[in-house]
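First up is the structure itself, then whatever we jot down about it.
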Amino acid sequence: MSTAFIGTSGYSYQHWLGPFYPKGLPTSKWLIHYAERFPTVEVNYSFYHIPSLKTLQNWFERTPTPFRFALKANRGITHRGHPDRSGGLLRIFAYRAQALGSKLGPILYQFPSRLTYDTSMLERFLAQLPGDLPGALEFRSNSWATEETFRLLRRYGVGYCIVSAPGLSCCLEVTAPFVYIRMHGISSWYTYNYTELDLRWWRDRVQKFLDRQLDVYIYFNNDYRGYAPTNAIRLQELLEK
């Protein structure tokens with residue numbers, strides 16, 4: 001049975017005290033509080049630092065059994081140098097990620113906006129990804145929205161990351177056995193509060209994916225003023241009706 005894993009991009013935000021976390025709740029209990037309300041989180045920390053095995057074990061032990069962590073691939077893999085030549089660091093990252101065991105969701109790889117359409121580079125990058133770990137790729141340039149891109153992603157079983165973001169194409173493409181969606185905003189990045197109409201539109205899209213027996217991972221990245229958890233909770237409610 002397909003599942004909608006709805007959560008937020010990151011969970012450790014001081015400005016969520018009040019809007020989401022009870023005032024006075026120590027940071028050591030934020031993940032526990034978060035996991036009581038959401039079945040998944042997209043980890044931004046791993047983009048800046050490769051988590052230690054001890055950190056990953058700590059995350060595993062402090063969350064319930066069905067919980068899923070989607071790790072954002074370290075920027076050393078995708079943003080420094082050439083992504084298609086990052087095999088060594090990629091192997092280290094993948095080895096660490098496996099410490100999450102059954103709680104590991106897809107790994108999110110993000111190409112920066114400076115990387116534009118290059119099928120040869122894309123295929124070399126996809127060929128070096130760990131085939132036993134699910135992955136999704138987010139493009140920050142519209143030049144990648146081509147049939148050849150989708151064809152290569154399908155060949156390697158890597159998800160095309162669907163985005164809601166100003167200036168980026170929202171292509172509802174399915175290229176893997178799951179769907180991965182990032183909600184950055186509509187009229188502004190990170191500070192947009194999705195309206196009821198917006199969320200109902202996305203509810204319908206997510207439901208169609210679920211009807212196709214596809215698991216859906218959807219993360220709200222509009223952390224400003226706690227909009228992300230508020231929007232994620234409302235989308236959960238709409239899907240449950």
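Labeling convention for the structure tokens: chains A, B, ... as they appear, residues from 1 per chain, ligands from 1 in order of appearance.
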Which of segment 91-180 of chain A DSSP labels alpha helix (DSSP H), written as an MDAnalysis selection string: chainID A and resid 91:97 119:128 147:156
How about saving the chosen residues, N, CA and C atoms kept, as an mmCIF file, in the first residue's frame?
```cif
data_model
loop_
_atom_site.group_PDB
_atom_site.id
_atom_site.type_symbol
_atom_site.label_atom_id
_atom_site.label_comp_id
_atom_site.auth_asym_id
_atom_site.auth_seq_id
_atom_site.Cartn_x
_atom_site.Cartn_y
_atom_site.Cartn_z
ATOM 1 N N ARG A 91 31.004 7.460 -1.974
ATOM 2 C CA ARG A 91 31.058 6.149 -1.308
ATOM 3 C C ARG A 91 31.082 6.309 0.211
ATOM 4 N N ILE A 92 31.812 7.301 0.693
ATOM 5 C CA ILE A 92 31.851 7.553 2.139
ATOM 6 C C ILE A 92 30.463 7.950 2.635
ATOM 7 N N PHE A 93 29.813 8.859 1.902
ATOM 8 C CA PHE A 93 28.491 9.326 2.295
ATOM 9 C C PHE A 93 27.492 8.166 2.297
ATOM 10 N N ALA A 94 27.523 7.343 1.256
ATOM 11 C CA ALA A 94 26.591 6.216 1.163
ATOM 12 C C ALA A 94 26.819 5.218 2.295
ATOM 13 N N TYR A 95 28.073 4.977 2.636
ATOM 14 C CA TYR A 95 28.383 4.055 3.731
ATOM 15 C C TYR A 95 27.799 4.568 5.040
ATOM 16 N N ARG A 96 27.968 5.857 5.295
ATOM 17 C CA ARG A 96 27.425 6.433 6.524
ATOM 18 C C ARG A 96 25.894 6.360 6.508
ATOM 19 N N ALA A 97 25.290 6.694 5.364
ATOM 20 C CA ALA A 97 23.827 6.733 5.269
ATOM 21 C C ALA A 97 23.201 5.398 5.628
ATOM 22 N N THR A 119 23.939 16.047 -20.884
ATOM 23 C CA THR A 119 23.529 14.647 -20.714
ATOM 24 C C THR A 119 24.703 13.718 -20.431
ATOM 25 N N SER A 120 25.847 14.002 -21.019
ATOM 26 C CA SER A 120 27.015 13.147 -20.779
ATOM 27 C C SER A 120 27.426 13.198 -19.320
ATOM 28 N N MET A 121 27.479 14.418 -18.762
ATOM 29 C CA MET A 121 27.835 14.566 -17.357
ATOM 30 C C MET A 121 26.785 13.905 -16.471
ATOM 31 N N LEU A 122 25.507 14.088 -16.813
ATOM 32 C CA LEU A 122 24.433 13.499 -16.015
ATOM 33 C C LEU A 122 24.543 11.981 -15.992
ATOM 34 N N GLU A 123 24.796 11.379 -17.138
ATOM 35 C CA GLU A 123 24.886 9.921 -17.159
ATOM 36 C C GLU A 123 26.084 9.419 -16.362
ATOM 37 N N ARG A 124 27.199 10.118 -16.433
ATOM 38 C CA ARG A 124 28.370 9.713 -15.627
ATOM 39 C C ARG A 124 28.054 9.820 -14.146
ATOM 40 N N PHE A 125 27.327 10.868 -13.770
ATOM 41 C CA PHE A 125 26.960 11.033 -12.367
ATOM 42 C C PHE A 125 26.028 9.922 -11.921
ATOM 43 N N LEU A 126 24.996 9.650 -12.706
ATOM 44 C CA LEU A 126 24.028 8.624 -12.335
ATOM 45 C C LEU A 126 24.677 7.241 -12.244
ATOM 46 N N ALA A 127 25.642 6.991 -13.112
ATOM 47 C CA ALA A 127 26.288 5.677 -13.141
ATOM 48 C C ALA A 127 27.087 5.402 -11.871
ATOM 49 N N GLN A 128 27.530 6.460 -11.178
ATOM 50 C CA GLN A 128 28.338 6.244 -9.973
ATOM 51 C C GLN A 128 27.500 6.213 -8.693
ATOM 52 N N GLU A 147 13.119 15.571 -22.117
ATOM 53 C CA GLU A 147 12.789 14.148 -22.185
ATOM 54 C C GLU A 147 14.029 13.277 -22.014
ATOM 55 N N GLU A 148 15.187 13.758 -22.489
ATOM 56 C CA GLU A 148 16.418 12.976 -22.342
ATOM 57 C C GLU A 148 16.810 12.863 -20.870
ATOM 58 N N THR A 149 16.635 13.943 -20.118
ATOM 59 C CA THR A 149 16.891 13.896 -18.675
ATOM 60 C C THR A 149 15.999 12.867 -18.001
ATOM 61 N N PHE A 150 14.715 12.919 -18.298
ATOM 62 C CA PHE A 150 13.773 11.984 -17.686
ATOM 63 C C PHE A 150 14.095 10.542 -18.094
ATOM 64 N N ARG A 151 14.511 10.360 -19.339
ATOM 65 C CA ARG A 151 14.837 9.010 -19.818
ATOM 66 C C ARG A 151 16.031 8.439 -19.048
ATOM 67 N N LEU A 152 17.059 9.266 -18.852
ATOM 68 C CA LEU A 152 18.239 8.794 -18.121
ATOM 69 C C LEU A 152 17.908 8.489 -16.665
ATOM 70 N N LEU A 153 17.106 9.340 -16.047
ATOM 71 C CA LEU A 153 16.718 9.096 -14.658
ATOM 72 C C LEU A 153 15.951 7.782 -14.539
ATOM 73 N N ARG A 154 15.061 7.528 -15.482
ATOM 74 C CA ARG A 154 14.301 6.266 -15.446
ATOM 75 C C ARG A 154 15.221 5.071 -15.638
ATOM 76 N N ARG A 155 16.200 5.208 -16.513
ATOM 77 C CA ARG A 155 17.116 4.089 -16.766
ATOM 78 C C ARG A 155 17.856 3.688 -15.491
ATOM 79 N N TYR A 156 18.229 4.691 -14.684
ATOM 80 C CA TYR A 156 18.986 4.415 -13.470
ATOM 81 C C TYR A 156 18.099 4.332 -12.229
#
```
Long-range neighbours of segment 171-180 of chain A as a PyMOL selection string, 9 Å cut-off, only C-alpha atoms, 2 positions minimum in chain: chain A and resi 106+108+134-137+145+150-163+169+182+205-206+209+213-219
For Thr63 of chain A: contacts at 12 Å, only C-alpha atoms, fewer than 5 positions along chain excluded, given as a PyMOL selection string: chain A and resi 29-41+56-58+68-69+100+102-104
File dump, residues just selected, N, CA and C atoms, as a compact mmCIF listing (two decimals), in the first residue's frame:
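Contents of selection38.txt, freshly written:
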```txt
# COMPACT_ATOMS: atom_id res chain seq x y z
N LYS A 29 15.13 17.79 22.74
CA LYS A 29 13.86 17.09 22.59
C LYS A 29 13.10 17.49 21.33
N TRP A 30 13.72 18.33 20.50
CA TRP A 30 13.02 18.78 19.29
C TRP A 30 12.73 17.64 18.33
N LEU A 31 13.70 16.77 18.10
CA LEU A 31 13.49 15.67 17.16
C LEU A 31 12.39 14.74 17.65
N ILE A 32 12.36 14.47 18.93
CA ILE A 32 11.32 13.61 19.50
C ILE A 32 9.94 14.24 19.30
N HIS A 33 9.84 15.54 19.58
CA HIS A 33 8.58 16.26 19.39
C HIS A 33 8.18 16.24 17.92
N TYR A 34 9.14 16.49 17.05
CA TYR A 34 8.88 16.50 15.61
C TYR A 34 8.35 15.14 15.14
N ALA A 35 9.04 14.08 15.56
CA ALA A 35 8.69 12.73 15.10
C ALA A 35 7.34 12.25 15.63
N GLU A 36 6.80 12.93 16.64
CA GLU A 36 5.46 12.60 17.12
C GLU A 36 4.39 13.14 16.19
N ARG A 37 4.77 14.06 15.32
CA ARG A 37 3.81 14.73 14.44
C ARG A 37 4.01 14.42 12.96
N PHE A 38 5.23 14.00 12.58
CA PHE A 38 5.52 13.72 11.18
C PHE A 38 6.23 12.38 11.04
N PRO A 39 6.02 11.69 9.89
CA PRO A 39 6.66 10.40 9.69
C PRO A 39 8.02 10.48 9.01
N THR A 40 8.47 11.69 8.69
CA THR A 40 9.71 11.83 7.95
C THR A 40 10.27 13.23 8.10
N VAL A 41 11.59 13.36 7.84
CA VAL A 41 12.23 14.67 7.79
C VAL A 41 13.32 14.62 6.72
N LEU A 56 24.10 9.45 13.49
CA LEU A 56 23.07 8.69 12.79
C LEU A 56 22.40 7.67 13.71
N GLN A 57 23.21 7.03 14.54
CA GLN A 57 22.65 6.08 15.51
C GLN A 57 21.73 6.79 16.49
N ASN A 58 22.12 7.99 16.89
CA ASN A 58 21.30 8.78 17.81
C ASN A 58 19.96 9.12 17.18
N ARG A 68 11.22 7.96 8.64
CA ARG A 68 12.17 7.97 7.53
C ARG A 68 12.98 9.27 7.51
N PHE A 69 14.28 9.12 7.28
CA PHE A 69 15.17 10.26 7.10
C PHE A 69 15.58 10.34 5.63
N LEU A 100 21.46 4.23 8.99
CA LEU A 100 20.07 4.48 9.36
C LEU A 100 19.18 3.27 9.09
N SER A 102 16.58 0.69 8.19
CA SER A 102 15.21 0.76 7.67
C SER A 102 14.63 2.17 7.71
N LYS A 103 15.28 3.08 8.42
CA LYS A 103 14.76 4.44 8.52
C LYS A 103 15.35 5.38 7.46
N LEU A 104 16.17 4.84 6.57
CA LEU A 104 16.74 5.66 5.50
C LEU A 104 15.75 5.79 4.35
```
Shell of 12 Å around Ile233 of chain A, only C-alpha atoms, local chain residues under 4 positions omitted, as a PyMOL selection string: chain A and resi 5-8+20+34+36-39+194+196+199+203+218-220+226-229+237-240
Neighbour list for Ile107 of chain A as a list in words, cut-off 6 Å, only C-alpha atoms, skip fewer than 2 positions in-chain: Ala70, Leu71, Lys72 and Gly135 of chain A
May I have the selected residues written with C-alpha atoms, as an mmCIF file, in the first residue's frame?
```cif
data_model
loop_
_atom_site.group_PDB
_atom_site.id
_atom_site.type_symbol
_atom_site.label_atom_id
_atom_site.label_comp_id
_atom_site.auth_asym_id
_atom_site.auth_seq_id
_atom_site.Cartn_x
_atom_site.Cartn_y
_atom_site.Cartn_z
ATOM 1 C CA ALA A 70 15.807 11.711 3.650
ATOM 2 C CA LEU A 71 19.446 12.808 3.649
ATOM 3 C CA LYS A 72 20.541 15.699 1.459
ATOM 4 C CA GLY A 135 17.985 8.600 -4.700
#
```
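Atom pair atom CA of Thr55 of chain A / atom CA of Gln236 of chain A: separated by 28.6 Å.
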Per-residue DSSP, segment 89-165 of chain A, filtered to strand (DSSP E or B), as a PDB file with C-alpha atoms, in the first residue's frame:
```pdb
ATOM      1  CA  LEU A 104      16.741   5.656   5.501  1.00  0.00           C
ATOM      2  CA  ILE A 107      19.040  10.504  -0.691  1.00  0.00           C
ATOM      3  CA  LEU A 108      18.504  13.915  -2.273  1.00  0.00           C
ATOM      4  CA  TYR A 109      21.174  15.086  -4.708  1.00  0.00           C
ATOM      5  CA  GLN A 110      20.930  18.731  -5.739  1.00  0.00           C
ATOM      6  CA  PHE A 111      22.571  20.254  -8.804  1.00  0.00           C
ATOM      7  CA  GLY A 135      17.985   8.600  -4.700  1.00  0.00           C
ATOM      8  CA  ALA A 136      16.317  11.700  -6.118  1.00  0.00           C
ATOM      9  CA  LEU A 137      17.881  14.533  -8.080  1.00  0.00           C
ATOM     10  CA  GLU A 138      16.833  18.187  -7.818  1.00  0.00           C
ATOM     11  CA  PHE A 139      17.804  20.547 -10.627  1.00  0.00           C
ATOM     12  CA  GLY A 159      13.694  10.092  -8.913  1.00  0.00           C
ATOM     13  CA  TYR A 160      13.150  13.428 -10.595  1.00  0.00           C
ATOM     14  CA  CYS A 161      12.612  15.898  -7.766  1.00  0.00           C
ATOM     15  CA  ILE A 162       9.387  17.795  -8.406  1.00  0.00           C
ATOM     16  CA  VAL A 163       9.682  21.363  -7.127  1.00  0.00           C
ATOM     17  CA  SER A 164       7.358  24.158  -6.157  1.00  0.00           C
TER      18      SER A 164
END
```
